[in-house]
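Below: entry.pdb (PDB, C-alpha atoms, pLDDT in the B column)
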```pdb
ATOM      1  CA  MET A 556       6.410 -53.840  52.311  1.00 81.00           C
ATOM      2  CA  ALA A 557       8.259 -56.995  51.315  1.00 82.00           C
ATOM      3  CA  ALA A 558       8.883 -55.544  47.844  1.00 84.00           C
ATOM      4  CA  ILE A 559      10.528 -52.471  49.348  1.00 84.00           C
ATOM      5  CA  LEU A 560      12.749 -54.568  51.602  1.00 82.00           C
ATOM      6  CA  ASP A 561      13.712 -56.759  48.647  1.00 84.00           C
ATOM      7  CA  TRP A 562      14.587 -53.664  46.598  1.00 82.00           C
ATOM      8  CA  VAL A 563      16.718 -52.273  49.451  1.00 78.00           C
ATOM      9  CA  ALA A 564      18.492 -55.615  49.836  1.00 84.00           C
ATOM     10  CA  GLU A 565      19.213 -55.753  46.095  1.00 85.00           C
ATOM     11  CA  HIS A 566      20.532 -52.182  45.972  1.00 83.00           C
ATOM     12  CA  GLU A 567      22.632 -51.965  49.141  1.00 86.00           C
ATOM     13  CA  ALA A 568      25.674 -50.708  47.269  1.00 87.00           C
ATOM     14  CA  LEU A 569      23.678 -47.967  45.524  1.00 84.00           C
ATOM     15  CA  LEU A 570      22.131 -46.833  48.792  1.00 80.00           C
ATOM     16  CA  GLY A 571      25.574 -46.818  50.421  1.00 84.00           C
ATOM     17  CA  TRP A 572      26.971 -44.612  47.643  1.00 85.00           C
ATOM     18  CA  LEU A 573      23.968 -42.284  47.838  1.00 79.00           C
ATOM     19  CA  SER A 574      24.401 -41.991  51.593  1.00 80.00           C
ATOM     20  CA  ALA A 575      28.096 -41.231  51.205  1.00 83.00           C
ATOM     21  CA  ALA A 576      27.318 -38.635  48.509  1.00 78.00           C
ATOM     22  CA  SER A 577      24.721 -37.039  50.789  1.00 76.00           C
ATOM     23  CA  VAL A 578      27.196 -36.738  53.670  1.00 80.00           C
ATOM     24  CA  LEU A 579      29.869 -35.400  51.301  1.00 80.00           C
ATOM     25  CA  MET A 580      27.459 -32.805  49.861  1.00 74.00           C
ATOM     26  CA  PHE A 581      26.425 -31.732  53.345  1.00 76.00           C
ATOM     27  CA  PHE A 582      29.977 -31.131  54.556  1.00 81.00           C
ATOM     28  CA  GLY A 583      31.043 -29.768  51.175  1.00 76.00           C
ATOM     29  CA  SER A 584      28.224 -27.220  51.266  1.00 73.00           C
ATOM     30  CA  LEU A 585      29.206 -26.168  54.788  1.00 75.00           C
ATOM     31  CA  ILE A 586      32.648 -25.276  53.424  1.00 80.00           C
ATOM     32  CA  ALA A 587      31.937 -24.222  49.835  1.00 76.00           C
ATOM     33  CA  ALA A 588      28.814 -22.075  50.281  1.00 76.00           C
ATOM     34  CA  PRO A 589      30.366 -19.615  52.760  1.00 82.00           C
ATOM     35  CA  TRP A 590      33.581 -19.440  50.708  1.00 84.00           C
ATOM     36  CA  LEU A 591      31.612 -18.670  47.538  1.00 80.00           C
ATOM     37  CA  VAL A 592      29.375 -16.157  49.360  1.00 83.00           C
ATOM     38  CA  MET A 593      32.507 -14.272  50.466  1.00 87.00           C
ATOM     39  CA  ARG A 594      33.555 -13.977  46.833  1.00 85.00           C
ATOM     40  CA  ILE A 595      30.331 -12.224  45.720  1.00 85.00           C
ATOM     41  CA  PRO A 596      31.204  -8.553  45.132  1.00 86.00           C
ATOM     42  CA  THR A 597      29.391  -6.241  47.536  1.00 87.00           C
ATOM     43  CA  ASP A 598      27.777  -4.371  44.637  1.00 84.00           C
ATOM     44  CA  TYR A 599      26.924  -7.489  42.586  1.00 82.00           C
ATOM     45  CA  PHE A 600      23.176  -6.803  42.724  1.00 81.00           C
ATOM     46  CA  VAL A 601      23.618  -3.069  42.049  1.00 81.00           C
ATOM     47  CA  ASN A 602      26.339  -3.132  39.358  1.00 73.00           C
ATOM     48  CA  ARG A 603      25.041  -5.291  36.518  1.00 67.00           C
ATOM     49  CA  GLN A 604      28.357  -5.496  34.618  1.00 62.00           C
ATOM     50  CA  HIS A 605      28.298  -8.811  32.815  1.00 57.00           C
ATOM     51  CA  VAL A 606      31.190 -11.232  33.388  1.00 53.00           C
ATOM     52  CA  ALA A 607      31.676 -11.554  29.639  1.00 52.00           C
ATOM     53  CA  ASP A 608      32.422  -7.808  29.555  1.00 64.00           C
ATOM     54  CA  ARG A 609      35.154  -8.246  32.159  1.00 67.00           C
ATOM     55  CA  TRP A 610      36.723 -11.056  30.120  1.00 66.00           C
ATOM     56  CA  ARG A 611      36.390  -9.278  26.756  1.00 71.00           C
ATOM     57  CA  SER A 612      40.129  -8.473  26.576  1.00 76.00           C
ATOM     58  CA  ARG A 613      41.073 -12.171  26.690  1.00 76.00           C
ATOM     59  CA  HIS A 614      41.637 -14.352  23.647  1.00 81.00           C
ATOM     60  CA  PRO A 615      38.256 -15.571  22.307  1.00 84.00           C
ATOM     61  CA  LEU A 616      39.076 -19.232  22.971  1.00 87.00           C
ATOM     62  CA  VAL A 617      40.192 -18.492  26.525  1.00 85.00           C
ATOM     63  CA  ARG A 618      37.065 -16.392  27.114  1.00 82.00           C
ATOM     64  CA  LEU A 619      34.831 -19.130  25.702  1.00 85.00           C
ATOM     65  CA  GLY A 620      36.571 -21.752  27.861  1.00 89.00           C
ATOM     66  CA  LEU A 621      36.213 -19.632  31.003  1.00 86.00           C
ATOM     67  CA  LEU A 622      32.541 -18.962  30.327  1.00 85.00           C
ATOM     68  CA  ALA A 623      31.872 -22.653  29.633  1.00 90.00           C
ATOM     69  CA  ALA A 624      33.668 -23.688  32.837  1.00 91.00           C
ATOM     70  CA  LYS A 625      31.809 -21.044  34.860  1.00 87.00           C
ATOM     71  CA  ASN A 626      28.441 -22.191  33.483  1.00 90.00           C
ATOM     72  CA  LEU A 627      29.260 -25.855  34.076  1.00 92.00           C
ATOM     73  CA  PHE A 628      30.273 -25.079  37.661  1.00 90.00           C
ATOM     74  CA  GLY A 629      27.063 -23.088  38.136  1.00 89.00           C
ATOM     75  CA  MET A 630      24.950 -25.965  36.806  1.00 91.00           C
ATOM     76  CA  VAL A 631      26.643 -28.404  39.191  1.00 89.00           C
ATOM     77  CA  LEU A 632      25.917 -26.047  42.101  1.00 86.00           C
ATOM     78  CA  VAL A 633      22.270 -25.605  41.086  1.00 89.00           C
ATOM     79  CA  LEU A 634      21.775 -29.369  40.780  1.00 88.00           C
ATOM     80  CA  ALA A 635      23.530 -29.976  44.105  1.00 85.00           C
ATOM     81  CA  GLY A 636      21.396 -27.253  45.702  1.00 84.00           C
ATOM     82  CA  ILE A 637      18.215 -28.853  44.384  1.00 89.00           C
ATOM     83  CA  ALA A 638      19.345 -32.172  45.837  1.00 84.00           C
ATOM     84  CA  MET A 639      20.090 -30.415  49.147  1.00 81.00           C
ATOM     85  CA  LEU A 640      16.479 -29.278  49.353  1.00 84.00           C
ATOM     86  CA  VAL A 641      15.648 -32.861  50.352  1.00 82.00           C
ATOM     87  CA  LEU A 642      19.098 -33.969  51.549  1.00 74.00           C
ATOM     88  CA  PRO A 643      21.162 -32.311  54.270  1.00 72.00           C
ATOM     89  CA  GLY A 644      22.855 -29.111  53.178  1.00 70.00           C
ATOM     90  CA  GLN A 645      22.332 -25.445  52.365  1.00 76.00           C
ATOM     91  CA  GLY A 646      20.082 -25.897  49.334  1.00 80.00           C
ATOM     92  CA  ILE A 647      18.760 -22.379  48.712  1.00 80.00           C
ATOM     93  CA  LEU A 648      22.140 -20.716  49.232  1.00 80.00           C
ATOM     94  CA  THR A 649      23.846 -23.251  46.957  1.00 83.00           C
ATOM     95  CA  ILE A 650      21.198 -22.694  44.273  1.00 86.00           C
ATOM     96  CA  LEU A 651      21.664 -18.905  44.526  1.00 81.00           C
ATOM     97  CA  VAL A 652      25.449 -19.149  44.206  1.00 83.00           C
ATOM     98  CA  GLY A 653      24.994 -21.531  41.255  1.00 87.00           C
ATOM     99  CA  LEU A 654      22.614 -19.099  39.567  1.00 85.00           C
ATOM    100  CA  ILE A 655      25.147 -16.311  39.990  1.00 83.00           C
ATOM    101  CA  CYS A 656      27.629 -18.443  38.024  1.00 84.00           C
ATOM    102  CA  LEU A 657      25.173 -19.228  35.200  1.00 87.00           C
ATOM    103  CA  ASP A 658      24.273 -17.103  32.183  1.00 83.00           C
ATOM    104  CA  PHE A 659      20.665 -17.341  30.955  1.00 84.00           C
ATOM    105  CA  PRO A 660      17.814 -14.983  30.037  1.00 86.00           C
ATOM    106  CA  GLY A 661      15.919 -13.752  33.093  1.00 85.00           C
ATOM    107  CA  LYS A 662      18.809 -14.510  35.451  1.00 82.00           C
ATOM    108  CA  TYR A 663      18.891 -11.045  37.011  1.00 81.00           C
ATOM    109  CA  ALA A 664      15.168 -11.063  37.883  1.00 83.00           C
ATOM    110  CA  LEU A 665      15.425 -14.534  39.431  1.00 85.00           C
ATOM    111  CA  GLU A 666      18.504 -13.538  41.472  1.00 82.00           C
ATOM    112  CA  GLN A 667      16.709 -10.404  42.689  1.00 83.00           C
ATOM    113  CA  ARG A 668      13.691 -12.443  43.721  1.00 86.00           C
ATOM    114  CA  LEU A 669      15.808 -14.937  45.660  1.00 83.00           C
ATOM    115  CA  ILE A 670      18.118 -12.425  47.343  1.00 85.00           C
ATOM    116  CA  ARG A 671      15.186 -10.301  48.543  1.00 85.00           C
ATOM    117  CA  GLN A 672      13.915 -13.197  50.670  1.00 86.00           C
ATOM    118  CA  ARG A 673      14.740 -12.162  54.239  1.00 88.00           C
ATOM    119  CA  PRO A 674      16.096 -15.574  55.328  1.00 88.00           C
ATOM    120  CA  VAL A 675      18.366 -15.817  52.264  1.00 85.00           C
ATOM    121  CA  LEU A 676      19.759 -12.289  52.524  1.00 89.00           C
ATOM    122  CA  GLY A 677      20.079 -12.611  56.296  1.00 89.00           C
ATOM    123  CA  ALA A 678      22.058 -15.859  55.993  1.00 87.00           C
ATOM    124  CA  ILE A 679      24.320 -14.444  53.288  1.00 89.00           C
ATOM    125  CA  ASN A 680      25.028 -11.220  55.153  1.00 91.00           C
ATOM    126  CA  TRP A 681      25.593 -13.168  58.398  1.00 91.00           C
ATOM    127  CA  MET A 682      28.240 -15.272  56.611  1.00 88.00           C
ATOM    128  CA  ARG A 683      29.791 -12.140  55.120  1.00 91.00           C
ATOM    129  CA  THR A 684      29.904 -10.477  58.557  1.00 91.00           C
ATOM    130  CA  LYS A 685      31.631 -13.542  60.032  1.00 89.00           C
ATOM    131  CA  GLY A 686      34.150 -13.349  57.170  1.00 88.00           C
ATOM    132  CA  ASN A 687      34.792  -9.614  57.764  1.00 92.00           C
ATOM    133  CA  ARG A 688      33.055  -8.656  54.511  1.00 92.00           C
ATOM    134  CA  PRO A 689      30.508  -5.856  54.128  1.00 93.00           C
ATOM    135  CA  PRO A 690      26.853  -6.816  53.559  1.00 91.00           C
ATOM    136  CA  LEU A 691      25.552  -7.045  50.016  1.00 88.00           C
ATOM    137  CA  GLU A 692      24.131  -3.864  48.523  1.00 87.00           C
ATOM    138  CA  LEU A 693      20.695  -4.108  46.943  1.00 85.00           C
ATOM    139  CA  PRO A 694      19.102  -1.577  44.596  1.00 79.00           C
ATOM    140  CA  GLY A 695      16.356   0.429  46.308  1.00 72.00           C
ATOM    141  CA  ASP A 696      16.837  -1.124  49.762  1.00 59.00           C
ATOM    142  CA  GLU A 697      17.155   2.217  51.561  1.00 49.00           C
ATOM    143  CA  GLY A 698      14.854   2.204  54.550  1.00 39.00           C
ATOM    144  CA  LEU A 699      13.421  -1.248  53.855  1.00 41.00           C
ATOM    145  CA  GLY A 700      15.353  -2.946  56.648  1.00 43.00           C
ATOM    146  CA  ILE A 701      16.416  -5.745  54.290  1.00 44.00           C
ATOM    147  CA  ARG A 702      20.075  -5.759  55.284  1.00 42.00           C
ATOM    148  CA  ASP A 703      19.619  -6.964  58.882  1.00 40.00           C
TER
END
```

Could you render the structure as structure tokens?
Amino acid sequence: MAAILDWVAEHEALLGWLSAASVLMFFGSLIAAPWLVMRIPTDYFVNRQHVADRWRSRHPLVRLGLLAAKNLFGMVLVLAGIAMLVLPGQGILTILVGLICLDFPGKYALEQRLIRQRPVLGAINWMRTKGNRPPLELPGDEGLGIRD
């Protein structure tokens, strides 16, 4: 026990910064997650048009820069969401929004698996309802009661 107290005493500044980062992530996720959820197109999980296809008309360097920035932003959100699984914040929702921003093999299957979890879809559609947005459409959800 004395070793732990000594370590805490030696690393007060680090623990202070980690605490501040935790509080910042918590309040940041309360603002950012709903804002990002509102920006998901209603048919995102039905219409599988790739973002790169939408940016195809742009100059190759601009397109590459946009894709790199989008993937970097997605990675930051995924890492923050993972941290929020043990720290205060909306971890699963932040991870899902981060995954939507990333491009990797198997992304669609992972997104489908996450979004079909009742608590996740319910939270997202609740936020969308509060923001006057229609609920997300899912392929094959007719009669399954998943949208509630």

Near A:Asn602, within 10 Å and counting only C-alpha atoms, which residues show up once chain neighbours fewer than 3 positions away are dropped, as a list in words?
-> Pro596, Thr597, Asp598, Tyr599, His605, Glu692, Leu693 and Pro694 of chain A

Write out as a VMD selection string which residues come within 9 Å of A:Arg688 when counting all atoms listed in the file, dropping same-chain ones fewer than 4 positions away.
-> chain A and resid 593 597 680 682 to 684

Just write the chosen residues, C-alpha atoms, as an mmCIF file, in the frame of the given file.
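Result written to selection-v7.cif:
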```
data_model
loop_
_atom_site.group_PDB
_atom_site.id
_atom_site.type_symbol
_atom_site.label_atom_id
_atom_site.label_comp_id
_atom_site.auth_asym_id
_atom_site.auth_seq_id
_atom_site.Cartn_x
_atom_site.Cartn_y
_atom_site.Cartn_z
ATOM 1 C CA MET A 593 32.507 -14.272 50.466
ATOM 2 C CA THR A 597 29.391 -6.241 47.536
ATOM 3 C CA ASN A 680 25.028 -11.220 55.153
ATOM 4 C CA MET A 682 28.240 -15.272 56.611
ATOM 5 C CA ARG A 683 29.791 -12.140 55.120
ATOM 6 C CA THR A 684 29.904 -10.477 58.557
#
```

State, in Å with one decimal place, the distance from atom CA of A:Gly636 to atom CA of A:Ile679.
->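 Atom-to-atom, atom CA of A:Gly636 and atom CA of A:Ile679 are spaced 15.2 Å apart.
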
From A:Ile647, A:Leu627, A:Leu654, A:Met639, residue lying nearest A:Ala576 [only C-alpha atoms] |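 Answer, going by the shortest atom-to-atom distance: A:Met639.
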
Give me the result of the PyMOL selection byres ((chain A and resi 591) around 12) on this file, residue by residue, as an MDAnalysis selection string.
-> chainID A and resid 583:590 592:596 628:629 632 648:653 655:656 679 682:683 686

Two-atom distance - atom CA of A:Ala557, atom CA of A:Leu573 (Å) |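 About the pair atom CA of A:Ala557 and atom CA of A:Leu573: they are 21.8 Å apart.
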